[in-house]
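Report on the structure given below.
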Amino acid sequence: MNFMEQMTWYLSQMNEQIPFAQMFGFSIRILVAGICGACVGFERSRRFKEAGVRTHVMVAAATALMMIVSKYGFSDLVTVTGEVLSGTKGADPSRIASQVVSGVSFLGAGIIFKNGTSIKGLTTAAGVWATSGIGLAIGAGMYYLGFFLTGFILVFQIFMHKHTIGTDFITTEISITVDDSTEFQHILKEQLKAWNAKIAESNIKKKNDVVKYELLLKVPKDIDFDDILDFIEENSMVKSFDSHFPNQ
């Protein structure tokens with residue numbers, strides 16, 4: 001048999017074990033898992049947490065794929081009656097796959113790093129872990145599901161880069177010295193509400209009639225350093241100001 005005939009025969013054998021209708025049902029499971037992950041990720045991003053929609057979607061969808069591979073990915077080795085079709089009799093084909101799931105997790109952990117007060121690499125690490133799931137599916141002969149998750153992640157990532165769901169934020173440190181703390185607190189609270197920003201950490205020091213605010217803010221990415229600077233310059237109560245703003 002030539003190459004195309006061999007591939008046709010092999011795919012026909014796989015189709016006898018897992019019909020296309022069942023594969024379609026598996027795709028629905030992956031899609032629903034991704035949607036559920038998006039709901040959790042949206043809530044997390046609204047609370048300014050580092051792991052947002054993209055990270056949760058990839059982890060949820062990849063986990064669904066790995067579960068399907070674990071349950072149905074070895075149907076080409078043994079029939080429902082226990083008859084060995086191929087491979088080594090008595091071998092545990094899922095053993096290597098289970099080690100891949102945990103082993104790649106260590107690889108992903110090496111991609112995540114802390115930069116000051118922000119955490120980088122969560123989505124990339126989730127992508128590496130999801131890619132291992134795709135490799136498991138392809139290796140198990142579940143080509144359709146491997147292609148489906150690949151396309152799902154690519155389309156979702158492209159969409160997310162163009163249309164942000166939730167709140168995409170950056171972390172910045174500011175230090176403000178003012179004369180009147182009570183009035184300035186109210187003004188600052190209203191301004192942060194207008195920016196849809198949040199105070200992650202705060203340290204207030206008072207000496208005589210001067211109050212110094214040391215704040216760690218999480219602000220949306222569409223708020224830049226000039227916006228913060230304009231707010232400071234418009235308030236005559238501010239005696240001094242310092243900031244560690246990304247790309248300032």
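Scheme for the structure tokens: letters A, B, ... for chains in order shown; per-chain residue numbers from 1; ligand numbers from 1 in order shown.
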
Extract, using only C-alpha atoms, all DNA, RNA and protein residues at most 12 Å from Gly146 (chain A), discarding same-chain residues fewer than 2 positions from it, and format them as a CSV table (one decimal) with N, CA and C atoms, in the first residue's frame.
```
chain,number,residue,atom,x,y,z
A,23,MET,N,-16.6,11.9,18.3
A,23,MET,CA,-15.6,13.0,18.3
A,23,MET,C,-16.2,14.3,18.4
A,26,PHE,N,-17.1,15.0,21.8
A,26,PHE,CA,-15.9,15.4,22.6
A,26,PHE,C,-15.5,16.9,22.4
A,27,SER,N,-15.7,17.3,21.1
A,27,SER,CA,-15.4,18.8,20.8
A,27,SER,C,-16.3,19.7,21.6
A,30,ILE,N,-15.0,20.0,25.1
A,30,ILE,CA,-13.9,20.9,25.2
A,30,ILE,C,-14.4,22.4,25.1
A,61,ALA,N,-9.9,24.1,28.8
A,61,ALA,CA,-10.0,23.4,27.6
A,61,ALA,C,-9.0,22.3,27.5
A,62,ALA,N,-7.8,22.6,27.8
A,62,ALA,CA,-6.7,21.5,27.8
A,62,ALA,C,-7.0,20.4,28.7
A,64,ALA,N,-9.9,19.4,29.7
A,64,ALA,CA,-11.0,18.5,29.1
A,64,ALA,C,-10.4,17.6,28.1
A,65,LEU,N,-9.5,18.1,27.2
A,65,LEU,CA,-8.9,17.3,26.2
A,65,LEU,C,-8.1,16.1,26.8
A,66,MET,N,-7.3,16.4,27.9
A,66,MET,CA,-6.5,15.4,28.5
A,66,MET,C,-7.4,14.3,29.2
A,68,ILE,N,-10.4,13.4,28.1
A,68,ILE,CA,-10.9,12.6,27.0
A,68,ILE,C,-9.9,11.6,26.5
A,69,VAL,N,-8.6,12.1,26.4
A,69,VAL,CA,-7.5,11.2,26.0
A,69,VAL,C,-7.3,10.1,27.0
A,73,GLY,N,-8.5,7.6,24.6
A,73,GLY,CA,-7.4,7.7,23.7
A,73,GLY,C,-6.7,6.4,23.4
A,130,ALA,N,-1.2,23.4,27.5
A,130,ALA,CA,-2.3,23.1,26.5
A,130,ALA,C,-1.7,22.4,25.3
A,131,THR,N,-0.5,22.8,24.9
A,131,THR,CA,0.2,22.2,23.8
A,131,THR,C,0.6,20.8,24.1
A,132,SER,N,0.9,20.5,25.3
A,132,SER,CA,1.2,19.1,25.7
A,132,SER,C,0.0,18.2,25.5
A,133,GLY,N,-1.2,18.8,25.8
A,133,GLY,CA,-2.4,18.1,25.7
A,133,GLY,C,-2.7,17.8,24.2
A,134,ILE,N,-2.4,18.8,23.4
A,134,ILE,CA,-2.6,18.6,21.9
A,134,ILE,C,-1.6,17.4,21.4
A,135,GLY,N,-0.4,17.5,21.9
A,135,GLY,CA,0.5,16.4,21.6
A,135,GLY,C,0.0,15.0,22.0
A,136,LEU,N,-0.6,14.9,23.2
A,136,LEU,CA,-1.1,13.7,23.7
A,136,LEU,C,-2.2,13.2,22.8
A,137,ALA,N,-3.1,14.1,22.4
A,137,ALA,CA,-4.2,13.8,21.5
A,137,ALA,C,-3.7,13.3,20.1
A,138,ILE,N,-2.8,14.0,19.5
A,138,ILE,CA,-2.3,13.6,18.2
A,138,ILE,C,-1.6,12.2,18.4
A,139,GLY,N,-0.8,12.1,19.4
A,139,GLY,CA,0.0,10.8,19.7
A,139,GLY,C,-1.0,9.6,19.9
A,140,ALA,N,-2.2,9.9,20.5
A,140,ALA,CA,-3.1,8.8,20.7
A,140,ALA,C,-4.0,8.6,19.4
A,141,GLY,N,-3.7,9.3,18.4
A,141,GLY,CA,-4.5,9.1,17.1
A,141,GLY,C,-5.7,9.9,17.0
A,142,MET,N,-6.0,10.8,18.0
A,142,MET,CA,-7.2,11.6,18.0
A,142,MET,C,-6.9,12.9,17.3
A,143,TYR,N,-6.7,12.8,16.0
A,143,TYR,CA,-6.3,13.9,15.2
A,143,TYR,C,-7.3,15.1,15.3
A,144,TYR,N,-8.6,14.7,15.1
A,144,TYR,CA,-9.6,15.7,15.0
A,144,TYR,C,-9.6,16.5,16.3
A,148,PHE,N,-8.8,20.4,16.6
A,148,PHE,CA,-9.9,21.3,17.1
A,148,PHE,C,-9.4,22.2,18.2
A,149,LEU,N,-8.6,21.7,19.2
A,149,LEU,CA,-8.1,22.5,20.3
A,149,LEU,C,-7.1,23.5,19.8
A,150,THR,N,-6.3,23.1,18.8
A,150,THR,CA,-5.3,24.0,18.2
A,150,THR,C,-6.0,25.2,17.6
A,151,GLY,N,-7.0,24.9,16.8
A,151,GLY,CA,-7.8,26.0,16.2
A,151,GLY,C,-8.5,26.9,17.2
A,152,PHE,N,-9.1,26.2,18.2
A,152,PHE,CA,-9.8,26.9,19.2
A,152,PHE,C,-8.9,27.9,20.0
A,153,ILE,N,-7.7,27.5,20.4
A,153,ILE,CA,-6.8,28.3,21.1
A,153,ILE,C,-6.3,29.5,20.2
```

Please provide as a PyMOL selection string all residues within 12 Å of region 208-210 of chain A, with the sequence filter that same-chain residues fewer than 6 positions apart are discarded (counting only C-alpha atoms). chain A and resi 176-182+184+237-240

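One distance worth recording is that between CA of Ile158 (chain A) and CA of Pro220 (chain A), which is 20.1 Å.
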
Just give me the gap between CA of Lys198 (chain A) and CA of Lys218 (chain A) in Å, one decimal is fine.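 Taking CA of Lys198 (chain A) as the start and CA of Lys218 (chain A) as the end point, the length is 5.3 Å.
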
Compile the contact shell of Gly37 (chain A) as a list of chain:residue names: residues with an atom at most 8 Å away, counting only C-alpha atoms, same-chain residues fewer than 5 positions apart removed. A:Val53, A:His56, A:Val57, A:Met58, A:Val59, A:Ala60, A:Ala61

Next, the residues of the selection above should be written as a PDB file, in the first residue's frame with C-alpha atoms.
```
ATOM      1  CA  VAL A  53      -9.688  34.995  30.841  1.00  0.00           C
ATOM      2  CA  HIS A  56      -8.435  30.063  32.511  1.00  0.00           C
ATOM      3  CA  VAL A  57      -9.798  29.187  29.070  1.00  0.00           C
ATOM      4  CA  MET A  58      -6.622  27.382  27.987  1.00  0.00           C
ATOM      5  CA  VAL A  59      -6.305  25.447  31.231  1.00  0.00           C
ATOM      6  CA  ALA A  60      -9.975  24.395  31.254  1.00  0.00           C
ATOM      7  CA  ALA A  61     -10.046  23.384  27.569  1.00  0.00           C
TER       8      ALA A  61
END
```

Between A:Ile174, A:Val155, A:Val104, A:Val32, single out the one closest to Leu229 (chain A), counting only C-alpha atoms. A:Ile174
